[in-house]
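Trainee: First, the structure itself, so that you have it in front of you.
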Amino acid sequence: MNIVILVKLVPDLVEELTIDSSGVALDTAWLRLIINEFDDHAIEQGILLKERGGGQVTVVAPDIEGVDDVLFTAAAKGADRLIKVKGDFTGVNNHALARAFTAVVKELQPDLMLTGVQANNDLDGSVGPLLAGCLEMPYVGYISGVSLNEGKSKVRKEYPGGLIAEMDVTLPAVLGIQAAEQPPRYVAVSKVRQMMKTSTIEERTVSGLDMVGGPTIGRMFKTEAGQHATMLTGSPDEVAAKLVGIFKELGVL
Amino acid sequence: MSQDIYVVIEHLRGQVSEISFVMLAGARDLVKGLGGNVVAVLLGHDAQGLAGNLAADKVLYFDHPALAEFTSDAYQKVLIGLISKDQPRVILFGSTSIGTDMASTLSIKLGLPMVSSCRSFSAGGKFVSQICGGKIMVEGDLPGPTALVTMVPGGYKAEQGQSAQSPAITLVDVPALESLRVTLANYIEPEAGDVDIAKEPVLVSVGRGIQNQDNIVLAEELAKALGGVVSGSRPVIDQGWLATSRLVGKSGKSVKPKVYLAFGISGAPEHVEGITNSDTIIAINTDPAAPIFGVAKYGSEIDLFDLIEVLTEKVKQSKGG
């Protein structure tokens, strides 16, 4: 089984986000990029499938600052091949990214492609179903479980309220992972460092990233946080006392 | 080409999903500026009854056994034909497990632009979308000639998309639905948990900010003192720190407690979707920009670990007194 996992890097939402002087983009100077958390689940699911049924896991990511760390971490978890897609990905949308991935994936001839079901900066759809469109393959998203059997996959697709649909998907296919069957494994920094010495990142170059298909941003603005909440301040003792007062008022105490 | 706004109606096991009504309300808003009609697109089998209260000018209904329940392959085959032929101005999909399985793929296959996570529309056909976990809003003109749009809840009330009058239904021919590559095998019912969080009067809910499994006990003690239970947001469930039956939000339960206490929960749209029917939301988060403060009635930027044990103690004292 040849499994390819497509990964992208997204803004770390723990950091403060600022909008640049153009007013239509995030200020990249202070932006910390991290692996899309759903892609991390996709890597875990891919490695679980390999551990259960054998095969090869290839992780593909665009060349953005921090990508080497992401790829070597994937290798430390058990990925066999690492591919960095070279090109100017600054401000590139998902349509362009999916087209760039398509060129690389065709050469790899995978049986199964996994990617995170969504990413926090998606504005023109998510990478998985866009890629499926480019490759003329079926796509199913919101997946929290995958089993493989003779050219088919059986997937667990999540619906609201905890309902699961079991679907049969003919391979090759693209699956959008919501959650791997177990939490993404932890790898020690020392193991990642070791991978930096022993594993290789292959490179592929794509030219002319085609952004057609995404919207043009007219204005970007921050959500006004706290516009609704009455903020409680003071020492832990004081805040706790205020909360107890509120609980009494609401009749739960 | 038309100025019509098409809404792909989502339904699951015989029930129209709430997002469908939200989309109809959004479509109603759009036609005010753009003109055209609101057209509901219903795919199903023996499902005319689902069209009854849709606030649409008309319903295009596709009936086929393979459309009885949603699968991306069959739905796409029908929609490719429909969109190519009718070329409406906008087609709305839910930003859901159903809508996102189709919209992006159709964008590529039909060569049409798309916008995701749209919350509302503004005058003159502009979209307003939320990204970065609800922290950043983006506004722009709906691209043309036909825009595929996925919608999140929050901008419109479902009631605005419901009507007492049944819309006219037109039965449309279904294309051949053969050699489908995605088929539904069966549904698996949600695991029955030890408690039903949708029925609890007090929820002490924890998010990523709780940091590790060992800290869950702090929330449990507070919940016990308040006569409630612990629930959580997606990262906590995915880490296995709480059972799936305790998940609040889009893929979990919608809850409606008297008090919803959110500790270390940022308030991503997927989570907020499940808590809007709570009577009172109280949020504790050290990030002043956390979107949870936008929906909470009370909030504090205090570190939850400085507060939670003190609060539990005070609640116990208050009951004792």
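Residues in the structure tokens are named by chain (A, B, ... in the order shown) and by number from 1 within that chain; ligands are numbered from 1 in the order shown.
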Chain B residues within 6 Å of chain A, counting only C-alpha atoms: which ones, as a ChimeraX atom specification?

Mentor: /B:97,101,104-105,108-109,113-116,131-133,135-140,143,181-190,238-239,250-253,289,291,293-294,296-300,307,311

Trainee: Just list as a PyMOL selection string whatever in region 32-184 of chain A DSSP marks as strand (DSSP E).

Mentor: chain A and resi 33-35+56-62+81-86+112-116+139-149+152-158+164-170+173-177

Trainee: Suppose we keep C-alpha atoms; can you now write the selection as a PDB file, in the first residue's frame?

Mentor:
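result01.pdb, written as the output of this step:
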ATOM      1  CA  LEU A  33       3.797  28.711  11.313  1.00  0.00           C
ATOM      2  CA  ILE A  34       3.093  25.224  12.598  1.00  0.00           C
ATOM      3  CA  ILE A  35       1.831  22.008  11.051  1.00  0.00           C
ATOM      4  CA  GLN A  56       5.180   2.912   2.338  1.00  0.00           C
ATOM      5  CA  VAL A  57       4.312   6.316   3.769  1.00  0.00           C
ATOM      6  CA  THR A  58       5.429   9.446   1.915  1.00  0.00           C
ATOM      7  CA  VAL A  59       4.890  12.894   3.408  1.00  0.00           C
ATOM      8  CA  VAL A  60       4.711  15.863   1.029  1.00  0.00           C
ATOM      9  CA  ALA A  61       4.806  19.504   2.149  1.00  0.00           C
ATOM     10  CA  PRO A  62       5.329  22.905   0.525  1.00  0.00           C
ATOM     11  CA  ARG A  81       9.892   9.226   2.232  1.00  0.00           C
ATOM     12  CA  LEU A  82       9.926  12.992   2.638  1.00  0.00           C
ATOM     13  CA  ILE A  83       9.260  15.393  -0.217  1.00  0.00           C
ATOM     14  CA  LYS A  84       9.506  19.168  -0.132  1.00  0.00           C
ATOM     15  CA  VAL A  85       7.747  21.008  -2.940  1.00  0.00           C
ATOM     16  CA  LYS A  86       9.842  24.016  -3.969  1.00  0.00           C
ATOM     17  CA  LEU A 112      -4.352   6.326  -0.798  1.00  0.00           C
ATOM     18  CA  MET A 113      -3.867  10.006   0.012  1.00  0.00           C
ATOM     19  CA  LEU A 114      -4.519  11.428   3.444  1.00  0.00           C
ATOM     20  CA  THR A 115      -4.707  15.050   4.472  1.00  0.00           C
ATOM     21  CA  GLY A 116      -6.252  17.053   7.296  1.00  0.00           C
ATOM     22  CA  TYR A 139     -12.973  12.170  -1.628  1.00  0.00           C
ATOM     23  CA  VAL A 140     -14.521  11.619   1.768  1.00  0.00           C
ATOM     24  CA  GLY A 141     -13.798  13.888   4.724  1.00  0.00           C
ATOM     25  CA  TYR A 142     -14.408  14.094   8.492  1.00  0.00           C
ATOM     26  CA  ILE A 143     -12.770  10.678   8.837  1.00  0.00           C
ATOM     27  CA  SER A 144     -11.862   9.209  12.215  1.00  0.00           C
ATOM     28  CA  GLY A 145     -11.048   5.659  11.219  1.00  0.00           C
ATOM     29  CA  VAL A 146      -9.790   3.806   8.135  1.00  0.00           C
ATOM     30  CA  SER A 147      -9.431   0.122   7.300  1.00  0.00           C
ATOM     31  CA  LEU A 148      -8.028  -1.198   4.022  1.00  0.00           C
ATOM     32  CA  ASN A 149      -8.995  -4.321   2.171  1.00  0.00           C
ATOM     33  CA  LYS A 152     -11.151  -0.656  -1.102  1.00  0.00           C
ATOM     34  CA  SER A 153     -11.180   1.309   2.062  1.00  0.00           C
ATOM     35  CA  LYS A 154     -13.852   1.341   4.715  1.00  0.00           C
ATOM     36  CA  VAL A 155     -13.940   4.655   6.497  1.00  0.00           C
ATOM     37  CA  ARG A 156     -15.682   6.052   9.537  1.00  0.00           C
ATOM     38  CA  LYS A 157     -17.133   9.439   8.660  1.00  0.00           C
ATOM     39  CA  GLU A 158     -18.298  11.714  11.458  1.00  0.00           C
ATOM     40  CA  ILE A 164     -20.815   7.723  12.357  1.00  0.00           C
ATOM     41  CA  ALA A 165     -21.387   6.657   8.747  1.00  0.00           C
ATOM     42  CA  GLU A 166     -19.344   3.718   7.560  1.00  0.00           C
ATOM     43  CA  MET A 167     -18.600   4.244   3.884  1.00  0.00           C
ATOM     44  CA  ASP A 168     -16.859   2.101   1.285  1.00  0.00           C
ATOM     45  CA  VAL A 169     -14.464   4.078  -0.860  1.00  0.00           C
ATOM     46  CA  THR A 170     -12.809   2.683  -3.987  1.00  0.00           C
ATOM     47  CA  ALA A 173      -8.893   7.988  -3.105  1.00  0.00           C
ATOM     48  CA  VAL A 174      -8.274  11.077  -1.012  1.00  0.00           C
ATOM     49  CA  LEU A 175      -9.450  11.082   2.606  1.00  0.00           C
ATOM     50  CA  GLY A 176      -9.804  14.156   4.837  1.00  0.00           C
ATOM     51  CA  ILE A 177      -8.809  13.162   8.363  1.00  0.00           C
TER      52      ILE A 177
END

Trainee: Show me, as a PyMOL selection string, the residues that have an atom within 10 Å of Ala47 (chain B) when counting only C-alpha atoms, minus same-chain residues fewer than 5 positions from it.

Mentor: chain B and resi 11+14-15+42+61-64+67-68

Trainee: What's around Asp80 (chain A) at 12 Å? Count only C-alpha atoms, leave out sequence neighbours fewer than 6 positions away in its own chain, and write the answer as a list in words.

Mentor: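 Here the qualifying residues turn out to be Asn2, Ile3, Val4, Ile5, Ile43, Gly46, Ile47, Lys50, Gly54, Gly55, Gln56, Val57, Thr58, Val59, Val60, Leu71, Phe72, Thr73, Ala74, Met195, Thr198, Ser199, Thr200, Ile201 and Glu202 of chain A.
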
Trainee: I'd like the contact shell of Ser117 (chain B) - 7 Å cut-off, only C-alpha atoms, skipping same-chain residues fewer than 6 positions apart - returned as a VMD selection string.

Mentor: (chain A and resid 123) or (chain B and resid 95 129 to 130 150 to 152)

Trainee: Between B:Gly274, B:Gly99, B:Gly36, B:Gly207, single out the one closest to Arg234 (chain B), counting only C-alpha atoms.

Mentor: B:Gly207

Trainee: Looking at only C-alpha atoms, which of B:Thr146, B:Val248, B:Asn53, B:Gly155 is the one that sits closest to Asp29 (chain B)?

Mentor: B:Gly155

Trainee: Near Leu203 (chain B), within 9 Å and counting only C-alpha atoms, which residues show up once chain neighbours fewer than 5 positions away are dropped, as a PyMOL selection string?

Mentor: chain B and resi 197+223+226-231+255+257-262

Trainee: Kindly save the residues from that selection, with N, CA and C atoms included, as a PDB file, in the first residue's frame.

Mentor:
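What ended up in again_32.pdb:
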ATOM      1  N   ILE B 197     -24.547  14.787  28.220  1.00  0.00           N
ATOM      2  CA  ILE B 197     -24.170  16.179  28.509  1.00  0.00           C
ATOM      3  C   ILE B 197     -25.204  17.182  27.994  1.00  0.00           C
ATOM      4  N   ALA B 223     -16.914  20.496  38.895  1.00  0.00           N
ATOM      5  CA  ALA B 223     -18.210  20.071  38.358  1.00  0.00           C
ATOM      6  C   ALA B 223     -19.040  19.378  39.439  1.00  0.00           C
ATOM      7  N   LEU B 226     -20.504  21.764  41.807  1.00  0.00           N
ATOM      8  CA  LEU B 226     -21.588  22.556  41.216  1.00  0.00           C
ATOM      9  C   LEU B 226     -22.785  21.695  40.794  1.00  0.00           C
ATOM     10  N   GLY B 227     -22.687  20.392  41.001  1.00  0.00           N
ATOM     11  CA  GLY B 227     -23.788  19.501  40.605  1.00  0.00           C
ATOM     12  C   GLY B 227     -23.856  19.311  39.101  1.00  0.00           C
ATOM     13  N   GLY B 228     -22.711  19.379  38.454  1.00  0.00           N
ATOM     14  CA  GLY B 228     -22.678  19.191  37.000  1.00  0.00           C
ATOM     15  C   GLY B 228     -21.674  18.140  36.599  1.00  0.00           C
ATOM     16  N   VAL B 229     -21.336  18.117  35.326  1.00  0.00           N
ATOM     17  CA  VAL B 229     -20.346  17.161  34.835  1.00  0.00           C
ATOM     18  C   VAL B 229     -19.324  17.879  33.956  1.00  0.00           C
ATOM     19  N   VAL B 230     -18.285  17.144  33.616  1.00  0.00           N
ATOM     20  CA  VAL B 230     -17.217  17.695  32.771  1.00  0.00           C
ATOM     21  C   VAL B 230     -17.470  17.345  31.305  1.00  0.00           C
ATOM     22  N   SER B 231     -17.259  18.321  30.455  1.00  0.00           N
ATOM     23  CA  SER B 231     -17.290  18.071  29.010  1.00  0.00           C
ATOM     24  C   SER B 231     -16.039  18.699  28.420  1.00  0.00           C
ATOM     25  N   VAL B 255     -25.232  21.537  23.372  1.00  0.00           N
ATOM     26  CA  VAL B 255     -25.657  21.511  24.768  1.00  0.00           C
ATOM     27  C   VAL B 255     -26.449  22.757  25.113  1.00  0.00           C
ATOM     28  N   PRO B 257     -26.998  23.933  28.795  1.00  0.00           N
ATOM     29  CA  PRO B 257     -27.042  24.000  30.258  1.00  0.00           C
ATOM     30  C   PRO B 257     -27.427  25.395  30.741  1.00  0.00           C
ATOM     31  N   LYS B 258     -27.773  25.492  32.038  1.00  0.00           N
ATOM     32  CA  LYS B 258     -28.002  26.809  32.644  1.00  0.00           C
ATOM     33  C   LYS B 258     -26.685  27.575  32.670  1.00  0.00           C
ATOM     34  N   VAL B 259     -25.623  26.866  33.032  1.00  0.00           N
ATOM     35  CA  VAL B 259     -24.299  27.499  33.049  1.00  0.00           C
ATOM     36  C   VAL B 259     -23.293  26.628  32.300  1.00  0.00           C
ATOM     37  N   TYR B 260     -22.604  27.243  31.354  1.00  0.00           N
ATOM     38  CA  TYR B 260     -21.532  26.574  30.625  1.00  0.00           C
ATOM     39  C   TYR B 260     -20.228  27.273  30.983  1.00  0.00           C
ATOM     40  N   LEU B 261     -19.388  26.567  31.726  1.00  0.00           N
ATOM     41  CA  LEU B 261     -18.107  27.131  32.158  1.00  0.00           C
ATOM     42  C   LEU B 261     -17.002  26.619  31.237  1.00  0.00           C
ATOM     43  N   ALA B 262     -16.392  27.518  30.489  1.00  0.00           N
ATOM     44  CA  ALA B 262     -15.373  27.095  29.523  1.00  0.00           C
ATOM     45  C   ALA B 262     -13.986  27.443  30.049  1.00  0.00           C
TER      46      ALA B 262
END

Trainee: Just to confirm, what's the straight-line distance from CA of Asp88 (chain A) to CA of Ala103 (chain A) in Å (one decimal)?

Mentor: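 Interatomic distance here is 15.5 Å.
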
Trainee: For CA of Ser163 (chain B) and CA of Ser17 (chain B), quote the distance in Å rounded to one decimal.

Mentor: 15.0 Å

Trainee: Using only C-alpha atoms, find the one residue out of B:Ala243, B:Ile216, B:Val78, B:Ala40 that sits nearest to Asp196 (chain B).

Mentor: B:Ala243

Trainee: Name all residues at most 7 Å from Ser245 (chain B) (count only C-alpha atoms; drop same-chain ones fewer than 2 positions away) and give them as a VMD selection string.

Mentor: chain B and resid 191 to 193 243 247

Trainee: Produce a file of the selected residues containing N, CA and C atoms, as a CSV table (one decimal), in the first residue's frame.

Mentor:
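The file below, selection.csv, is the result:
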chain,number,residue,atom,x,y,z
B,191,GLU,N,-22.1,6.4,20.7
B,191,GLU,CA,-21.9,5.6,21.9
B,191,GLU,C,-22.7,6.2,23.1
B,192,ALA,N,-23.4,5.4,23.8
B,192,ALA,CA,-24.1,5.9,24.9
B,192,ALA,C,-23.1,6.1,26.0
B,193,GLY,N,-23.0,7.4,26.5
B,193,GLY,CA,-22.0,7.6,27.5
B,193,GLY,C,-22.6,7.4,28.9
B,243,ALA,N,-14.0,10.9,27.3
B,243,ALA,CA,-14.7,10.0,26.4
B,243,ALA,C,-15.4,10.9,25.3
B,247,LEU,N,-18.0,15.1,24.2
B,247,LEU,CA,-17.6,16.2,23.2
B,247,LEU,C,-18.7,17.2,22.9

Trainee: Would you give me, as a PDB file with C-alpha atoms, in the first residue's frame, the residues in region 151-248 of chain A that DSSP reads as helix (DSSP H, G or I)?

Mentor:
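Final output, saved to result-v2.pdb:
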ATOM      1  CA  PRO A 160     -22.984  15.795  14.260  1.00  0.00           C
ATOM      2  CA  GLY A 161     -24.038  14.347  17.575  1.00  0.00           C
ATOM      3  CA  GLY A 162     -21.544  11.484  17.454  1.00  0.00           C
ATOM      4  CA  VAL A 189      13.574  15.836  19.990  1.00  0.00           C
ATOM      5  CA  SER A 190      16.662  13.615  20.010  1.00  0.00           C
ATOM      6  CA  LYS A 191      14.971  11.242  17.569  1.00  0.00           C
ATOM      7  CA  VAL A 192      14.063  14.123  15.252  1.00  0.00           C
ATOM      8  CA  ARG A 193      17.694  15.305  15.395  1.00  0.00           C
ATOM      9  CA  GLN A 194      18.828  11.828  14.496  1.00  0.00           C
ATOM     10  CA  MET A 195      16.508  11.869  11.470  1.00  0.00           C
ATOM     11  CA  MET A 196      18.073  15.146  10.368  1.00  0.00           C
ATOM     12  CA  LYS A 197      21.351  13.256  10.058  1.00  0.00           C
ATOM     13  CA  THR A 198      20.104   9.998   8.585  1.00  0.00           C
ATOM     14  CA  PRO A 236      -7.951  34.382  42.012  1.00  0.00           C
ATOM     15  CA  ASP A 237      -9.816  34.810  45.311  1.00  0.00           C
ATOM     16  CA  GLU A 238     -11.697  37.850  44.047  1.00  0.00           C
ATOM     17  CA  VAL A 239     -12.587  36.311  40.667  1.00  0.00           C
ATOM     18  CA  ALA A 240     -13.747  33.110  42.413  1.00  0.00           C
ATOM     19  CA  ALA A 241     -15.919  35.157  44.795  1.00  0.00           C
ATOM     20  CA  LYS A 242     -17.484  37.010  41.872  1.00  0.00           C
ATOM     21  CA  LEU A 243     -18.178  33.723  40.101  1.00  0.00           C
ATOM     22  CA  VAL A 244     -19.838  32.260  43.199  1.00  0.00           C
ATOM     23  CA  GLY A 245     -22.043  35.369  43.264  1.00  0.00           C
ATOM     24  CA  ILE A 246     -22.953  34.768  39.609  1.00  0.00           C
ATOM     25  CA  PHE A 247     -23.702  31.081  40.261  1.00  0.00           C
ATOM     26  CA  LYS A 248     -26.077  32.094  43.061  1.00  0.00           C
TER      27      LYS A 248
END
